[in-house]
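Chemist: Attaching a single structure in structure tokens format; questions to follow.
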Amino acid sequence: MTSLIMIFGATGDLAKRKLFPSLYRLFERGRLSEQFAVVGVARRPLSNDEFQQSVKDSVQSALGKDERIDEFASHFYYHSHDVTNSSSYQTLKTMANELDEHYHLGGNRIFYLAMAPEFFGTIALHLKSDGLTDVKGFKRLVIEKPFGHDLASAKELNEQIRTAFSEDEVYRIDHYLGKEMVRNIEVIRFANAIFEPLWNNRYISNIQITSSETLGVEERGRYYETSGALRDMLQNHMMQMVALLAMEPPIKLTTDEIRAEKVRVFRAVRNVEGEDVHNYFVRGQYGEGTIDGKQVPAYRDEPMVDKESNTETFVAGKVMIDNFRWAGVPFYIRTGKRMTTKSTKIVVQFKDIPMNLYYQTEKELNPNLLVIHIQPEEGITLHLNAKKAGGHLDAQEVKLSFANSGVNAMNTPEGYEKLLYDCMRGDATNFTHWDEVAYSWNFVDKISAVWEKSKENFPNYESGSMGPKAADELLEKDGFFWWPVTDLDVDNCQGK
Ligand code: NAD
């Protein structure tokens, strides 16, 4: 793909850990043509040579290899830039035009905003007013999360962006949509005759989505204090997974059709507000505890965190989708830091059969479960019941499992690699449309409005646990329980 890629924030963590290694992989696989150039933009003064060296170092440390690295790095240029200064954009424009000519890029430009979100709007406005978006090829804006802090700020940001880019030129990153198994959800659903007919409230009793981390807030305390788990994880990643699980089959696999189906799910999500929020959502904050045999501090004792902080590091909730397919089926979602294990899993629990003839020794038959392992393992497991070998007509649970021998890391370059490639090809399917963002903020704002009014009795869960007791009670009152995520690991399955 021929294009000029401009990375704003090129000396930052995201650029080094994800973007440079992902671009290198695309280059190595022949997915970047010889006609590409990257301009790194950041505040610090650096020569092109120094910048190219930092690109090589990031690729080497992320991937541990460097064949053709000199050739790759020779396409990288640096511009020391203050994002608020107009004359700096003029210099950038001259540089971009020269590179465009030198590499025959046809005026194609991708602007990647990998820096603090408070600058997103300013940069977009300058790109337009200083003429960087006046090109004869395509122009695309890739923008990182968070997209706003609530609906009002997201709207304001969107308006600023839209002065320079149309909706179909905006690529809002949700890196979960780059994950292999998240992309697999629609294939598992729509390509299997044994699932799609059952994928509704007649056969599914509930769906559980857990995304747990063992890490604490680390050095991100300043940012996290203004965000919390609801805004940082639920508004985007968790709600995107709900939409993919709940959407109707699109009539075609085009960006517009898929996004339209996802938006319809967001429209059907039941808004909860006022006192009702307490019946649907639970928040938590970690206290001290032990993880992997190590003592770890409470959230309030982390750097840059208020000693009386009311910020949630855990959230669990019940999402109801009021449409014909899903009426009455709870989607339980939970996410948090400093939990027992690092895992993202989806458990689809099917309803019990009408009459149970078989019993396992001393306990009832297990319901059928379909488990989608998102990370760190990637795969699917189907829990069935079958006759116990040798026994009478006793049933036992058997698990059919498929493990993707994929990558074993959270937020790996592979996700970014796919997303960058999609953007270069002009495929926005796995990026979030403004309507999805807006509906999702609208839903989340009603919850935070209630939480902000009262102080919770934090900390309310121990580091190394699966969250506060109230998160378990949320399911218990509906007659369900959270399936223990570690028991569901692919490695714990027979019959692989
Ligand atoms: P960072 O703080 O490591 O890097 C910020 C970059 O912005 C640096 O290159 C810095 O030089 C540049 N910058 C800051 N002020 C500037 C100015 N006035 N003019 C020009 N350049 C300036 O941040 P990061 O961790 O790389 O995150 C970048 C964005 O990506 C954020 O929106 C973040 O939320 C998002 N994000 C990051 C990660 C991650 O893994 N790091 C993951 C998901 C999303």
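Letters A, B, ... go to the chains of the structure tokens in the order shown; residues in each chain start at 1; ligands are counted from 1 in the same order.
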Using only C-alpha atoms and all ligand atoms, tabulate the residues of chain A lying at most 8 Å from any atom of ligand 1, each with its closest atom pair and that distance in Å to one decimal, by chain and increasing residue number, as a tab-separated table.
Modeler:
residue	atom	partner	partner_atom_place_in_ligand_line	distance
A:Phe8	CA	ligand 1	21 (N)	6.5
A:Gly9	CA	ligand 1	9 (O)	3.3
A:Ala10	CA	ligand 1	9 (O)	4.5
A:Thr11	CA	ligand 1	9 (O)	3.6
A:Gly12	CA	ligand 1	4 (O)	3.2
A:Asp13	CA	ligand 1	26 (O)	3.7
A:Leu14	CA	ligand 1	26 (O)	3.6
A:Ala15	CA	ligand 1	26 (O)	5.8
A:Lys16	CA	ligand 1	26 (O)	7.7
A:Arg17	CA	ligand 1	40 (O)	7.2
A:Lys18	CA	ligand 1	40 (O)	7.3
A:Val41	CA	ligand 1	21 (N)	6.5
A:Ala42	CA	ligand 1	21 (N)	3.7
A:Arg43	CA	ligand 1	20 (C)	4.0
A:Arg44	CA	ligand 1	11 (O)	5.8
A:Ser80	CA	ligand 1	20 (C)	7.4
A:His81	CA	ligand 1	20 (C)	5.1
A:Asp82	CA	ligand 1	19 (N)	3.8
A:Val83	CA	ligand 1	19 (N)	4.2
A:Thr84	CA	ligand 1	18 (N)	6.5
A:Leu113	CA	ligand 1	29 (C)	7.0
A:Ala114	CA	ligand 1	28 (C)	4.1
A:Met115	CA	ligand 1	28 (C)	3.6
A:Ala116	CA	ligand 1	32 (O)	4.5
A:Pro117	CA	ligand 1	32 (O)	4.9
A:Phe119	CA	ligand 1	18 (N)	7.6
A:Ile143	CA	ligand 1	32 (O)	7.8
A:Glu144	CA	ligand 1	32 (O)	5.0
A:Lys145	CA	ligand 1	34 (O)	5.2
A:Pro146	CA	ligand 1	34 (O)	5.7
A:His175	CA	ligand 1	43 (C)	7.2
A:Asn411	CA	ligand 1	40 (O)	7.6
Chemist: Restrict the selected residues to C-alpha atoms and save them as a PDB file, in the first residue's frame.
Modeler:
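Written output follows (again.pdb):
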ATOM      1  CA  PHE A   8       2.086  11.902  16.279  1.00  0.00           C
ATOM      2  CA  GLY A   9       3.717  10.797  19.522  1.00  0.00           C
ATOM      3  CA  ALA A  10       6.516   8.828  17.853  1.00  0.00           C
ATOM      4  CA  THR A  11       8.754   8.796  20.919  1.00  0.00           C
ATOM      5  CA  GLY A  12       5.971   7.430  23.123  1.00  0.00           C
ATOM      6  CA  ASP A  13       5.306   4.029  24.585  1.00  0.00           C
ATOM      7  CA  LEU A  14       2.614   2.989  22.114  1.00  0.00           C
ATOM      8  CA  ALA A  15       4.729   3.860  19.070  1.00  0.00           C
ATOM      9  CA  LYS A  16       7.724   1.937  20.355  1.00  0.00           C
ATOM     10  CA  ARG A  17       5.997  -1.129  21.748  1.00  0.00           C
ATOM     11  CA  LYS A  18       3.263  -1.589  19.163  1.00  0.00           C
ATOM     12  CA  VAL A  41       6.362  13.543  15.109  1.00  0.00           C
ATOM     13  CA  ALA A  42       7.070  14.376  18.748  1.00  0.00           C
ATOM     14  CA  ARG A  43       8.245  17.206  20.945  1.00  0.00           C
ATOM     15  CA  ARG A  44      11.810  16.103  21.646  1.00  0.00           C
ATOM     16  CA  SER A  80      10.339  17.774  16.126  1.00  0.00           C
ATOM     17  CA  HIS A  81       7.003  19.384  16.544  1.00  0.00           C
ATOM     18  CA  ASP A  82       4.845  21.294  18.926  1.00  0.00           C
ATOM     19  CA  VAL A  83       1.288  20.263  18.217  1.00  0.00           C
ATOM     20  CA  THR A  84      -0.079  23.646  19.191  1.00  0.00           C
ATOM     21  CA  LEU A 113      -2.568  10.115  16.780  1.00  0.00           C
ATOM     22  CA  ALA A 114      -0.578   8.181  19.384  1.00  0.00           C
ATOM     23  CA  MET A 115      -0.445  10.788  22.066  1.00  0.00           C
ATOM     24  CA  ALA A 116      -2.389  12.243  24.969  1.00  0.00           C
ATOM     25  CA  PRO A 117      -6.086  12.604  24.056  1.00  0.00           C
ATOM     26  CA  PHE A 119      -4.315  17.013  21.815  1.00  0.00           C
ATOM     27  CA  ILE A 143      -7.188   7.855  16.716  1.00  0.00           C
ATOM     28  CA  GLU A 144      -6.399   6.055  19.967  1.00  0.00           C
ATOM     29  CA  LYS A 145      -8.585   5.662  22.991  1.00  0.00           C
ATOM     30  CA  PRO A 146      -9.929   7.275  25.064  1.00  0.00           C
ATOM     31  CA  HIS A 175      -7.485  -2.729  19.998  1.00  0.00           C
ATOM     32  CA  ASN A 411      -2.433  -6.399  23.449  1.00  0.00           C
TER      33      ASN A 411
END
Chemist: I'd like the contact shell of Leu370 of chain A - 7 Å cut-off, only C-alpha atoms, skipping same-chain residues fewer than 4 positions apart - returned as a PyMOL selection string.
Modeler: chain A and resi 347-349+381-383
Chemist: Expressed in Å to a single decimal, how great is the separation between atom CA of Lys388 of chain A and atom CA of Met355 of chain A?
Modeler: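 Taking atom CA of Lys388 of chain A as the start and atom CA of Met355 of chain A as the end point, the length is 19.3 Å.
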Chemist: Taking only segment 6-136 of chain A into account, list the residues labelled alpha helix (DSSP H) by DSSP (computed from the backbone), as a PyMOL selection string.
Modeler: chain A and resi 13-14+20-28+48-63+69-73+86-103+120-129
Chemist: Give the answer as one residue: which of A:Cys423, A:Leu125, A:Ile194, A:Val305 has the shortest atom-to-atom distance to Tyr112 of chain A, using only C-alpha atoms?
Modeler: A:Cys423
